[in-house]
$ cat work.txt   # compact mmCIF, C-alpha atoms and all ligand atoms
# COMPACT_ATOMS: atom_id res chain seq x y z
CA MET A 12 65.96 103.59 84.93
CA ARG A 13 68.34 100.64 85.35
CA GLY A 14 71.02 100.96 88.05
CA ILE A 15 74.42 99.68 86.94
CA ALA A 16 77.52 98.83 89.00
CA ILE A 17 80.77 98.45 87.07
CA LEU A 18 83.56 96.36 88.56
CA GLY A 19 86.79 97.11 86.67
CA SER A 20 85.49 100.46 85.40
CA THR A 21 88.91 101.80 84.39
CA GLY A 22 89.74 98.85 82.14
CA SER A 23 88.97 98.24 78.50
CA ILE A 24 85.52 96.67 79.12
CA GLY A 25 84.75 99.14 81.90
CA ARG A 26 85.43 102.14 79.65
CA SER A 27 83.43 100.67 76.78
CA THR A 28 80.55 100.09 79.20
CA LEU A 29 80.60 103.73 80.28
CA ASP A 30 80.72 104.78 76.63
CA VAL A 31 77.45 102.90 75.98
CA VAL A 32 75.86 104.08 79.24
CA ALA A 33 76.67 107.71 78.37
CA ARG A 34 74.67 107.35 75.13
CA HIS A 35 71.52 106.52 77.11
CA PRO A 36 71.27 108.74 80.17
CA GLU A 37 67.50 108.22 80.25
CA ARG A 38 67.92 104.44 80.64
CA PHE A 39 70.92 103.85 82.88
CA ARG A 40 72.22 105.27 86.14
CA VAL A 41 75.73 104.36 87.32
CA VAL A 42 75.47 103.56 91.04
CA ALA A 43 78.94 102.13 91.74
CA LEU A 44 82.36 102.11 90.09
CA ALA A 45 85.28 99.95 91.17
CA ALA A 46 88.90 99.66 90.05
CA ARG A 47 92.20 98.41 91.39
CA GLY A 48 94.30 101.50 91.83
CA ARG A 49 93.96 104.08 89.05
CA ARG A 50 92.75 106.83 91.35
CA GLU A 51 92.88 109.66 88.79
CA ALA A 52 90.97 107.68 86.19
CA LEU A 53 88.37 106.64 88.75
CA LEU A 54 87.99 110.22 89.96
CA GLU A 55 87.41 111.42 86.40
CA GLN A 56 84.73 108.73 85.91
CA CYS A 57 83.06 109.76 89.19
CA ARG A 58 82.98 113.39 88.10
CA ARG A 59 81.22 112.39 84.93
CA PHE A 60 78.83 109.67 86.15
CA ARG A 61 78.27 110.67 89.80
CA PRO A 62 77.95 107.18 91.34
CA GLU A 63 76.92 106.66 94.94
CA LEU A 64 79.95 104.46 95.61
CA ALA A 65 83.54 104.43 94.31
CA VAL A 66 85.84 101.55 95.24
CA LEU A 67 89.61 101.30 95.09
CA ALA A 68 90.62 97.68 95.63
CA GLU A 69 94.10 98.85 96.67
CA PRO A 70 93.56 101.23 99.58
CA GLU A 71 96.47 103.58 98.79
CA GLY A 72 95.09 106.88 97.64
CA ALA A 73 91.56 106.29 98.94
CA GLY A 74 91.82 109.28 101.31
CA GLU A 75 92.88 111.57 98.47
CA LEU A 76 90.08 110.21 96.29
CA ALA A 77 87.49 110.92 99.01
CA ALA A 78 88.86 114.45 99.48
CA ALA A 79 88.85 115.14 95.74
CA LEU A 80 85.26 113.89 95.45
CA ARG A 81 84.16 116.17 98.28
CA ALA A 82 86.03 119.09 96.72
CA ALA A 83 84.13 118.40 93.49
CA GLY A 84 80.86 118.64 95.42
CA LEU A 85 80.04 114.94 95.00
CA ALA A 86 78.37 112.79 97.65
CA THR A 87 80.12 109.63 96.33
CA GLN A 88 81.22 107.36 99.18
CA VAL A 89 84.63 105.67 98.97
CA ALA A 90 85.32 102.09 99.99
CA THR A 91 88.38 99.87 99.61
CA GLY A 92 89.56 96.27 99.42
CA GLU A 93 87.61 93.10 98.82
CA ASP A 94 84.78 94.31 101.09
CA GLY A 95 84.48 97.43 98.97
CA LEU A 96 84.26 95.36 95.78
CA VAL A 97 81.52 93.22 97.34
CA ALA A 98 79.68 96.39 98.45
CA ALA A 99 79.75 97.65 94.86
CA ALA A 100 78.64 94.24 93.54
CA THR A 101 75.66 94.14 95.92
CA HIS A 102 74.81 97.86 95.93
CA PRO A 103 71.08 98.23 96.68
CA GLY A 104 70.65 100.56 93.69
CA ALA A 105 72.22 98.15 91.20
CA ASP A 106 69.97 96.07 88.97
CA ALA A 107 72.89 94.78 86.91
CA VAL A 108 76.59 94.37 87.64
CA MET A 109 79.22 94.52 84.92
CA ALA A 110 81.82 92.00 86.15
CA ALA A 111 84.88 93.29 84.29
CA ILE A 112 87.75 92.82 86.72
CA VAL A 113 90.49 90.77 85.10
CA GLY A 114 91.37 87.36 86.53
CA ALA A 115 90.69 85.54 89.80
CA ALA A 116 90.60 88.92 91.60
CA GLY A 117 87.03 89.27 90.31
CA LEU A 118 85.70 85.97 91.66
CA ALA A 119 84.40 87.01 95.10
CA SER A 120 82.61 90.14 93.88
CA THR A 121 81.07 88.33 90.89
CA LEU A 122 79.79 85.56 93.18
CA ALA A 123 78.43 88.17 95.59
CA ALA A 124 76.53 89.94 92.80
CA ALA A 125 75.02 86.62 91.66
CA ARG A 126 73.99 85.57 95.16
CA ALA A 127 72.43 88.99 95.82
CA GLY A 128 70.19 88.57 92.77
CA ARG A 129 71.86 91.21 90.62
CA ARG A 130 71.89 90.45 86.90
CA VAL A 131 75.50 89.48 86.19
CA LEU A 132 76.93 90.83 82.94
CA LEU A 133 79.91 88.52 82.79
CA ALA A 134 83.13 89.70 81.15
CA ASN A 135 85.35 88.18 83.86
CA LYS A 136 85.52 84.70 82.31
CA GLU A 137 88.25 83.62 84.74
CA ALA A 138 85.73 83.73 87.61
CA LEU A 139 83.46 81.25 85.81
CA VAL A 140 86.31 79.01 84.64
CA MET A 141 87.60 78.75 88.22
CA SER A 142 84.36 78.24 90.05
CA GLY A 143 82.37 76.38 87.38
CA ARG A 144 78.99 75.21 88.54
CA LEU A 145 79.35 77.16 91.81
CA LEU A 146 78.87 80.50 90.06
CA LEU A 147 75.96 79.15 88.00
CA GLU A 148 74.34 77.83 91.18
CA ALA A 149 74.74 81.26 92.77
CA VAL A 150 73.07 82.83 89.71
CA ALA A 151 70.19 80.35 89.95
CA ALA A 152 69.79 80.91 93.70
CA GLY A 153 69.94 84.71 93.39
CA GLY A 154 67.52 84.74 90.47
CA GLY A 155 69.02 87.77 88.70
CA GLY A 156 70.25 85.89 85.62
CA LEU A 157 73.51 86.12 83.70
CA ILE A 158 74.31 87.55 80.28
CA PRO A 159 77.73 86.83 78.82
CA ILE A 160 79.78 89.78 77.59
CA ASP A 161 82.56 87.78 75.96
CA SER A 162 81.77 88.42 72.29
CA GLU A 163 81.64 84.71 71.39
CA HIS A 164 79.33 83.75 74.25
CA ASN A 165 77.22 86.82 73.73
CA ALA A 166 76.88 85.78 70.06
CA ILE A 167 75.82 82.27 71.09
CA PHE A 168 73.37 83.71 73.64
CA GLN A 169 71.87 85.77 70.81
CA CYS A 170 71.51 82.65 68.61
CA LEU A 171 69.82 80.52 71.29
CA PRO A 172 66.24 80.59 72.61
CA ALA A 173 66.00 82.21 76.08
CA GLY A 174 66.78 79.79 78.92
CA PRO A 175 68.57 79.57 82.25
CA ALA A 176 72.38 79.81 82.31
CA GLY A 177 73.95 76.35 82.40
CA ALA A 178 71.07 74.51 80.72
CA ARG A 179 71.41 72.98 77.27
CA ALA A 180 68.86 74.38 74.82
CA PRO A 181 66.80 71.75 72.99
CA GLY A 182 67.84 70.92 69.43
CA VAL A 183 71.41 72.20 69.71
CA ARG A 184 74.01 69.88 68.15
CA ARG A 185 77.04 71.99 69.08
CA VAL A 186 78.40 75.52 69.13
CA TRP A 187 81.33 76.91 67.17
CA LEU A 188 83.58 79.41 68.92
CA THR A 189 85.45 81.61 66.49
CA ALA A 190 89.04 82.67 67.24
CA SER A 191 90.90 85.45 65.48
CA GLY A 192 94.12 83.45 65.84
CA GLY A 193 95.83 86.41 67.53
CA PRO A 194 98.87 88.38 66.37
CA PHE A 195 101.01 85.26 65.76
CA LEU A 196 98.64 83.34 63.51
CA ARG A 197 101.09 83.61 60.58
CA VAL A 198 104.34 83.87 62.61
CA PRO A 199 106.46 80.70 62.26
CA ALA A 200 106.46 78.54 65.41
CA GLU A 201 110.25 78.79 65.77
CA ARG A 202 110.05 82.57 66.16
CA LEU A 203 107.55 82.49 69.02
CA ALA A 204 110.12 82.04 71.83
CA ALA A 205 111.52 85.49 71.07
CA VAL A 206 108.34 87.58 70.76
CA THR A 207 107.97 90.54 73.13
CA PRO A 208 105.05 91.55 75.38
CA ASP A 209 104.27 94.52 73.11
CA GLU A 210 104.13 92.24 70.06
CA ALA A 211 101.86 89.83 71.94
CA CYS A 212 99.55 92.70 72.96
CA ALA A 213 99.28 94.16 69.44
CA HIS A 214 96.08 92.30 68.60
CA PRO A 215 95.14 92.57 64.91
CA ARG A 216 91.36 92.96 65.50
CA TRP A 217 90.51 93.80 69.10
CA SER A 218 91.78 96.46 71.50
CA MET A 219 91.84 94.86 74.98
CA GLY A 220 93.66 94.77 78.32
CA ARG A 221 97.15 93.25 78.33
CA LYS A 222 96.33 89.98 80.11
CA ILE A 223 93.56 88.94 77.72
CA SER A 224 95.69 90.13 74.79
CA VAL A 225 98.44 87.69 75.77
CA ASP A 226 95.79 84.98 76.27
CA SER A 227 94.59 85.69 72.72
CA ALA A 228 98.14 85.37 71.41
CA THR A 229 98.68 81.96 73.10
CA LEU A 230 95.10 80.82 72.29
CA MET A 231 94.60 80.26 76.03
CA ASN A 232 91.80 82.80 75.70
CA LYS A 233 89.99 80.36 73.40
CA GLY A 234 90.74 77.54 75.85
CA LEU A 235 89.20 79.52 78.74
CA GLU A 236 86.28 80.39 76.47
CA LEU A 237 85.74 76.73 75.61
CA ILE A 238 85.35 75.95 79.31
CA GLU A 239 83.15 79.06 79.69
CA ALA A 240 80.91 77.90 76.82
CA GLN A 241 80.60 74.34 78.14
CA LEU A 242 79.43 75.75 81.47
CA LEU A 243 77.16 78.54 80.23
CA PHE A 244 75.37 76.49 77.61
CA GLY A 245 75.34 73.07 79.30
CA LEU A 246 77.49 71.48 76.61
CA ALA A 247 79.69 68.54 77.57
CA ASP A 248 82.77 67.27 75.76
CA GLY A 249 82.40 67.63 71.99
CA GLY A 250 79.66 70.21 72.28
CA VAL A 251 82.01 73.14 71.69
CA GLU A 252 84.30 73.40 68.64
CA VAL A 253 86.92 76.05 67.92
CA VAL A 254 87.44 77.49 64.46
CA VAL A 255 89.94 80.19 63.47
CA HIS A 256 88.32 83.11 61.67
CA PRO A 257 90.93 85.82 61.13
CA GLU A 258 88.48 88.64 60.25
CA SER A 259 86.64 88.46 63.64
CA ILE A 260 83.32 89.31 62.02
CA VAL A 261 81.39 86.12 62.81
CA HIS A 262 81.50 86.13 66.61
CA SER A 263 80.31 82.53 67.02
CA LEU A 264 77.73 80.07 65.71
CA VAL A 265 75.11 77.61 66.99
CA GLU A 266 74.50 74.44 65.00
CA TYR A 267 71.09 72.81 65.43
CA VAL A 268 70.16 69.16 64.81
CA ASP A 269 68.14 70.06 61.70
CA GLY A 270 71.26 71.33 59.91
CA SER A 271 70.61 75.03 60.57
CA THR A 272 73.58 77.02 61.79
CA LEU A 273 72.87 80.49 63.22
CA ALA A 274 75.64 83.05 63.55
CA GLN A 275 75.94 86.56 64.96
CA LEU A 276 78.03 89.01 62.93
CA GLY A 277 79.30 92.49 63.61
CA ASN A 278 82.35 94.70 63.60
CA PRO A 279 84.82 93.68 66.32
CA ASP A 280 83.84 96.22 68.98
CA MET A 281 82.86 95.17 72.50
CA ARG A 282 80.24 97.91 72.68
CA THR A 283 77.89 95.62 70.72
CA PRO A 284 77.76 92.79 73.30
CA ILE A 285 77.86 95.35 76.11
CA ALA A 286 74.87 97.29 74.73
CA PHE A 287 73.03 94.02 74.11
CA ALA A 288 73.55 92.91 77.72
CA LEU A 289 72.78 96.29 79.28
CA ALA A 290 69.45 96.70 77.48
CA TRP A 291 68.35 93.04 77.13
CA PRO A 292 65.72 92.13 76.04
CA GLU A 293 65.59 95.43 74.13
CA ARG A 294 68.11 96.66 71.55
CA ILE A 295 69.83 100.02 71.84
CA GLU A 296 72.32 102.02 69.81
CA SER A 297 75.93 101.24 70.80
CA GLY A 298 78.07 103.56 68.69
CA VAL A 299 79.32 100.63 66.58
CA GLU A 300 79.39 101.14 62.81
CA SER A 301 77.27 99.06 60.45
CA LEU A 302 78.90 96.02 58.94
CA ASP A 303 80.01 96.70 55.38
CA LEU A 304 79.61 93.29 53.73
CA LEU A 305 80.65 94.50 50.29
CA ARG A 306 83.90 95.92 51.60
CA LEU A 307 84.58 92.67 53.49
CA GLY A 308 83.99 90.59 50.36
CA SER A 309 84.81 87.23 51.94
CA LEU A 310 85.29 85.54 55.30
CA ARG A 311 87.78 82.75 56.02
CA PHE A 312 87.68 79.81 58.43
CA GLU A 313 90.48 77.39 59.29
CA ALA A 314 91.43 74.78 61.91
CA PRO A 315 93.45 75.93 64.95
CA ASP A 316 97.08 74.74 65.12
CA ARG A 317 97.24 72.98 68.51
CA ARG A 318 100.96 72.14 68.08
CA LYS A 319 101.97 75.74 67.61
CA PHE A 320 99.54 76.91 70.33
CA PRO A 321 99.59 74.18 73.01
CA CYS A 322 97.53 76.25 75.48
CA LEU A 323 94.34 75.34 73.63
CA GLY A 324 94.98 71.62 74.11
CA LEU A 325 95.91 72.17 77.78
CA ALA A 326 92.57 73.90 78.37
CA GLU A 327 90.72 71.12 76.55
CA ALA A 328 92.45 68.56 78.78
CA ALA A 329 91.58 70.54 81.92
CA ALA A 330 87.97 70.75 80.74
CA ARG A 331 87.89 66.96 80.35
CA SER A 332 89.41 66.46 83.82
CA GLY A 333 86.87 68.81 85.37
CA GLY A 334 86.81 69.46 89.14
CA THR A 335 89.53 71.89 90.16
CA ALA A 336 91.61 71.34 86.98
CA PRO A 337 90.23 74.49 85.26
CA ALA A 338 91.06 76.54 88.39
CA VAL A 339 94.62 75.14 88.33
CA LEU A 340 94.92 75.91 84.61
CA ASN A 341 93.65 79.46 85.12
CA ALA A 342 95.88 80.24 88.10
CA ALA A 343 99.04 78.88 86.42
CA ASN A 344 98.16 80.91 83.33
CA GLU A 345 97.67 84.13 85.33
CA VAL A 346 101.08 83.73 87.01
CA ALA A 347 102.85 82.79 83.76
CA VAL A 348 101.26 85.64 81.77
CA ALA A 349 102.21 88.16 84.48
CA ALA A 350 105.81 86.87 84.36
CA PHE A 351 105.84 87.14 80.56
CA LEU A 352 104.49 90.71 80.69
CA GLU A 353 107.24 91.59 83.20
CA GLY A 354 109.94 90.12 80.95
CA ARG A 355 110.70 87.20 83.27
CA LEU A 356 109.41 84.40 81.03
CA ASN A 357 109.48 83.56 77.32
CA PHE A 358 106.25 83.49 75.38
CA THR A 359 106.55 79.75 74.65
CA ALA A 360 107.35 79.04 78.30
CA ILE A 361 103.82 80.15 79.29
CA ALA A 362 102.41 76.84 78.03
CA ALA A 363 105.34 74.89 79.49
CA VAL A 364 104.69 76.31 82.97
CA ILE A 365 100.97 75.56 82.78
CA GLU A 366 101.60 72.01 81.57
CA ARG A 367 103.99 71.31 84.44
CA VAL A 368 101.66 72.80 87.04
CA LEU A 369 98.79 70.67 85.70
CA GLY A 370 101.09 67.65 85.89
CA ARG A 371 101.98 68.37 89.50
CA LEU A 372 98.42 69.20 90.62
CA PRO A 373 96.02 66.95 88.76
CA GLY A 374 93.06 68.44 90.65
CA GLY A 375 90.20 67.04 92.69
CA PRO A 376 86.51 67.72 93.17
CA ALA A 377 85.36 71.36 93.15
CA ALA A 378 82.48 70.90 95.56
CA SER A 379 82.95 74.17 97.44
CA LEU A 380 84.51 77.58 97.05
CA GLY A 381 87.15 76.41 99.54
CA ASP A 382 88.21 73.64 97.12
CA VAL A 383 88.52 76.16 94.28
CA LEU A 384 90.49 78.73 96.29
CA ALA A 385 92.85 76.05 97.63
CA ALA A 386 93.52 74.75 94.10
CA ASP A 387 94.08 78.32 92.90
CA ALA A 388 96.58 79.02 95.70
CA ASP A 389 98.45 75.71 95.18
CA ALA A 390 98.70 76.33 91.45
CA ARG A 391 100.00 79.88 91.96
CA ARG A 392 102.69 78.60 94.34
CA ALA A 393 103.70 75.84 91.94
CA ALA A 394 103.90 78.26 89.00
CA VAL A 395 105.95 80.79 90.98
CA ASP A 396 108.34 77.98 92.02
CA LEU A 397 108.77 76.76 88.47
CA ILE A 398 109.33 80.23 87.04
CA GLY A 399 111.75 81.11 89.85
CA ALA A 400 113.69 77.91 89.22
CA GLY A 401 113.82 78.56 85.49
CA GLY A 402 111.64 75.46 85.07
CA GLY A 403 109.44 77.12 82.53
CA GLY A 404 112.23 77.06 80.00
CA ARG A 405 113.37 80.68 79.77
CA GLY A 406 116.20 81.40 77.36
P1 LIG B 501 91.85 95.59 81.72
O1 LIG B 501 93.16 95.14 82.22
O2 LIG B 501 91.77 96.60 80.65
O3 LIG B 501 90.96 96.13 82.96
C1 LIG B 501 90.87 95.42 84.15
C2 LIG B 501 90.07 96.21 85.17
O4 LIG B 501 90.05 95.43 86.39
C3 LIG B 501 90.67 97.57 85.55
O5 LIG B 501 89.63 98.45 85.85
C4 LIG B 501 91.46 97.26 86.81
O6 LIG B 501 91.59 98.40 87.67
C5 LIG B 501 90.59 96.21 87.45
N1 LIG B 501 91.36 95.31 88.31
C6 LIG B 501 92.47 94.62 87.99
N2 LIG B 501 92.89 93.91 89.06
C7 LIG B 501 92.03 94.17 90.06
C8 LIG B 501 91.95 93.79 91.42
N3 LIG B 501 92.87 92.99 91.98
N4 LIG B 501 90.92 94.24 92.15
C9 LIG B 501 90.02 95.08 91.61
N5 LIG B 501 90.05 95.52 90.35
C10 LIG B 501 91.04 95.06 89.59
O7 LIG B 501 91.07 94.24 81.29
P2 LIG B 501 89.90 94.09 80.20
O8 LIG B 501 90.50 93.86 78.88
O9 LIG B 501 88.89 95.15 80.39
O10 LIG B 501 89.29 92.68 80.66
C11 LIG B 501 88.46 92.57 81.80
C12 LIG B 501 87.81 91.19 81.80
O11 LIG B 501 86.96 91.10 80.65
C13 LIG B 501 88.80 90.03 81.68
O12 LIG B 501 88.33 88.94 82.42
C14 LIG B 501 88.78 89.69 80.20
O13 LIG B 501 89.08 88.34 79.95
C15 LIG B 501 87.33 89.98 79.87
N6 LIG B 501 87.11 90.29 78.45
C16 LIG B 501 87.67 91.41 77.90
C17 LIG B 501 87.48 91.70 76.56
C18 LIG B 501 88.05 92.96 75.95
O14 LIG B 501 87.78 93.23 74.79
N7 LIG B 501 88.84 93.75 76.65
C19 LIG B 501 86.71 90.85 75.77
C20 LIG B 501 86.15 89.71 76.36
C21 LIG B 501 86.35 89.44 77.70
MG MG B 502 86.11 86.46 73.61
$ encode --input "work.txt" --output "structure tokens"
Amino acid sequence: MRGIAILGSTGSIGRSTLDVVARHPERFRVVALAARGRREALLEQCRRFRPELAVLAEPEGAGELAAALRAAGLATQVATGEDGLVAAATHPGADAVMAAIVGAAGLASTLAAARAGRRVLLANKEALVMSGRLLLEAVAAGGGGLIPIDSEHNAIFQCLPAGPAGARAPGVRRVWLTASGGPFLRVPAERLAAVTPDEACAHPRWSMGRKISVDSATLMNKGLELIEAQLLFGLADGGVEVVVHPESIVHSLVEYVDGSTLAQLGNPDMRTPIAFALAWPERIESGVESLDLLRLGSLRFEAPDRRKFPCLGLAEAAARSGGTAPAVLNAANEVAVAAFLEGRLNFTAIAAVIERVLGRLPGGPAASLGDVLAADADARRAAVDLIGAGGGGRG
């Protein structure tokens, strides 16, 4: 029986994880669930999965949650705040931790899980992009290992021989990250300034949370994933290529020096990488339908348009700069995406804000968590200033 803690259990990845877990009650036991503030949803999950610990990151409503759990006859303890998230991430009954909080808010708990030797199932790519080698060092020190959940990185993991996170596998020439291209792949560049949050979140292939949906629409998601892939697979500049593949069937590819290229294919459903990571090294049923190759007929590949989607180039530049530049990129993006989702910033101004923040804060060494958190805070302030001053180019 494998004990599982799920950070971000009420989100898209969290719910898909519980869907897979529920298919295998003889294999998995949910020991802790954590979310930001959706008390009713968390309560419902507790009723069903009976964890030992339930965490609300925002303390409002924690008293009501505890009372409702008691009324339901459950012994689930309730904790709150960052300490609560860390308690879930390091729960003594957890063998693996699904790190599925969105954004920098998931960094501390993901690091804590790694340090405590829990196997980290990493969906929260922002935590890795920000902290870089620091998270990989924590994984190595804790000894619990890391399996990527991001479909592309999970695909690459499946196409590589087993090895420690962060080390380059022998014989690899490069990896190819596939990108769906998002909802605006065929929308003319001049129309992008006027697109709405709902249009940006209407992803043609994947159903996801709103922040990553916007990142997919700007291609920043692929930029963050490029940095994620460089770190996870020990690939320096030039080792990771991006190719647009609108069908989202080939989840990524590994090219070896002998000319072999291995790919992982499947229907676009996150339950496949989640099931893979939960059961690794075994394979279990995930609820995902078989791939129907005859119905697909053909698959297309094309180059990304970096002029229309400047976020990809900004991420590539931050990756080349290294140090705290990826943390600055990530923080500016989080602030700009939140402003876009709230109707305070144009879609095309997201990239403009990030570019200006990167220009103001070129970044320095990321030798400690303190360096990373300071860069994150500076970048957030700079982005808020720019957006407040209309410097992102709204209108
Ligand atoms: P989501 O918005 O659907 O869910 C986010 C979860 O995190 C929720 O449970 C929410 O309560 C929790 N959360 C948010 N802020 C928090 C905070 N401050 N403290 C504690 N909990 C907080 O997001 P998602 O789509 O499930 O994505 C989660 C992560 O997985 C992201 O990093 C995303 O990039 C990554 N990811 C998602 C997908 C996908 O298909 N959804 C695919 C690949 C990677
Ligand atoms: Mg992905």
$ residues_near_ligand --input "work.txt" --ligand "ligand LIG 501 (chain B)" --cutoff "8 Å" --atoms "all atoms listed in the file" --output "PyMOL selection string"
chain A and resi 18-26+45-49+67-69+92-93+96+110-114+116-117+133-138+160-162+217-224+232+280-281
$ atom_distance --input "work.txt" --atom1 "CA of Val268 (chain A)" --atom2 "CA of Asp316 (chain A)"
27.5 Å
$ closest_residue --input "work.txt" --among "A:Ala152, A:Glu353, A:Gly298, A:Gly192" --to "Ala286 (chain A)" --atoms "all atoms listed in the file"
A:Gly298
$ residues_around --input "work.txt" --residues "Phe244 (chain A)" --least-positions-apart "6" --cutoff "10 Å" --atoms "all atoms listed in the file" --output "number ranges by chain"
A: 164, 167-168, 171, 174-180, 183, 185-186, 250-251
$ write_last_selection --input "work.txt" --atoms "C-alpha atoms" --output "compact mmCIF listing (two decimals), in the coordinates of the input"
# COMPACT_ATOMS: atom_id res chain seq x y z
CA HIS A 164 79.33 83.75 74.25
CA ILE A 167 75.82 82.27 71.09
CA PHE A 168 73.37 83.71 73.64
CA LEU A 171 69.82 80.52 71.29
CA GLY A 174 66.78 79.79 78.92
CA PRO A 175 68.57 79.57 82.25
CA ALA A 176 72.38 79.81 82.31
CA GLY A 177 73.95 76.35 82.40
CA ALA A 178 71.07 74.51 80.72
CA ARG A 179 71.41 72.98 77.27
CA ALA A 180 68.86 74.38 74.82
CA VAL A 183 71.41 72.20 69.71
CA ARG A 185 77.04 71.99 69.08
CA VAL A 186 78.40 75.52 69.13
CA GLY A 250 79.66 70.21 72.28
CA VAL A 251 82.01 73.14 71.69
$ residues_around --input "work.txt" --residues "Ala83 (chain A)" --least-positions-apart "4" --cutoff "10 Å" --atoms "all atoms listed in the file" --output "compact mmCIF listing (two decimals) with C-alpha atoms, in the frame of the given file"
# COMPACT_ATOMS: atom_id res chain seq x y z
CA LEU A 54 87.99 110.22 89.96
CA CYS A 57 83.06 109.76 89.19
CA ARG A 58 82.98 113.39 88.10
CA ALA A 77 87.49 110.92 99.01
CA ALA A 78 88.86 114.45 99.48
CA ALA A 79 88.85 115.14 95.74
$ closest_residue --input "work.txt" --among "A:Ala211, A:Leu310, A:Leu85, A:Ala377" --to "Gly334 (chain A)" --atoms "only C-alpha atoms"
A:Ala377
$ closest_residue --input "work.txt" --among "A:Leu235, A:Ile295, A:Leu64, A:Leu76" --to "ligand MG 502 (chain B)" --atoms "only C-alpha atoms and all ligand atoms"
A:Leu235
$ closest_residue --input "work.txt" --among "A:Ser227, A:Glu63, A:Leu242, A:Asn165" --to "Leu147 (chain A)" --atoms "only C-alpha atoms"
A:Leu242
$ residues_around --input "work.txt" --residues "Phe351 (chain A)" --least-positions-apart "2" --cutoff "9 Å" --atoms "only C-alpha atoms" --output "list in words"
Thr207, Pro208, Val225, Val346, Ala347, Val348, Ala349, Glu353, Gly354, Arg355, Leu356, Asn357, Phe358, Ala360 and Ile361 of chain A
$ closest_residue --input "work.txt" --among "A:Ile285, A:Val66, A:Leu53, A:Ala100" --to "Val299 (chain A)" --atoms "all atoms listed in the file"
A:Ile285
$ atom_distance --input "work.txt" --atom1 "CA of Gln56 (chain A)" --atom2 "CA of Gly14 (chain A)"
15.9 Å
$ closest_residue --input "work.txt" --among "A:Glu210, A:Glu236, A:Glu51, A:Glu258" --to "ligand MG 502 (chain B)" --atoms "all atoms listed in the file"
A:Glu236
$ atom_distance --input "work.txt" --atom1 "CA of Asp303 (chain A)" --atom2 "CA of Pro172 (chain A)"
27.3 Å
$ axis_aligned_box --input "work.txt" --around "region 287-292 of chain A" --padding-each-side "3 Å" --output "lines of an AutoDock Vina configuration file"
center_x = 69.6
center_y = 94.4
center_z = 76.7
size_x = 13.8
size_y = 10.6
size_z = 11.2
$ residues_around --input "work.txt" --residues "Lys319 (chain A)" --least-positions-apart "6" --cutoff "12 Å" --atoms "all atoms listed in the file" --output "count of residues only"
17
$ decode --input "work.txt" --residues "region 198-210 of chain A" --atoms "N, CA and C atoms" --output "mmCIF file, in the first residue's frame"
data_model
loop_
_atom_site.group_PDB
_atom_site.id
_atom_site.type_symbol
_atom_site.label_atom_id
_atom_site.label_comp_id
_atom_site.auth_asym_id
_atom_site.auth_seq_id
_atom_site.Cartn_x
_atom_site.Cartn_y
_atom_site.Cartn_z
ATOM 1 N N VAL A 198 -4.928 32.101 -34.902
ATOM 2 C CA VAL A 198 -5.526 33.445 -34.800
ATOM 3 C C VAL A 198 -4.474 34.463 -35.257
ATOM 4 N N PRO A 199 -4.843 35.392 -36.149
ATOM 5 C CA PRO A 199 -3.846 36.361 -36.618
ATOM 6 C C PRO A 199 -3.269 37.189 -35.469
ATOM 7 N N ALA A 200 -1.973 37.489 -35.552
ATOM 8 C CA ALA A 200 -1.278 38.196 -34.473
ATOM 9 C C ALA A 200 -1.992 39.490 -34.100
ATOM 10 N N GLU A 201 -2.530 40.201 -35.105
ATOM 11 C CA GLU A 201 -3.133 41.509 -34.800
ATOM 12 C C GLU A 201 -4.426 41.400 -34.002
ATOM 13 N N ARG A 202 -4.982 40.201 -33.912
ATOM 14 C CA ARG A 202 -6.210 40.049 -33.102
ATOM 15 C C ARG A 202 -5.925 39.691 -31.648
ATOM 16 N N LEU A 203 -4.656 39.372 -31.338
ATOM 17 C CA LEU A 203 -4.351 38.841 -30.009
ATOM 18 C C LEU A 203 -4.560 39.849 -28.874
ATOM 19 N N ALA A 204 -4.370 41.153 -29.166
ATOM 20 C CA ALA A 204 -4.500 42.150 -28.093
ATOM 21 C C ALA A 204 -5.914 42.143 -27.512
ATOM 22 N N ALA A 205 -6.897 41.719 -28.303
ATOM 23 C CA ALA A 205 -8.286 41.829 -27.867
ATOM 24 C C ALA A 205 -8.883 40.516 -27.347
ATOM 25 N N VAL A 206 -8.093 39.452 -27.259
ATOM 26 C CA VAL A 206 -8.702 38.183 -26.821
ATOM 27 C C VAL A 206 -9.045 38.239 -25.331
ATOM 28 N N THR A 207 -10.073 37.486 -24.936
ATOM 29 C CA THR A 207 -10.556 37.531 -23.553
ATOM 30 C C THR A 207 -9.973 36.369 -22.744
ATOM 31 N N PRO A 208 -10.042 36.464 -21.398
ATOM 32 C CA PRO A 208 -9.586 35.342 -20.564
ATOM 33 C C PRO A 208 -10.301 34.029 -20.909
ATOM 34 N N ASP A 209 -11.595 34.074 -21.161
ATOM 35 C CA ASP A 209 -12.301 32.823 -21.475
ATOM 36 C C ASP A 209 -11.806 32.216 -22.782
ATOM 37 N N GLU A 210 -11.518 33.082 -23.768
ATOM 38 C CA GLU A 210 -10.962 32.564 -25.030
ATOM 39 C C GLU A 210 -9.580 31.955 -24.793
#
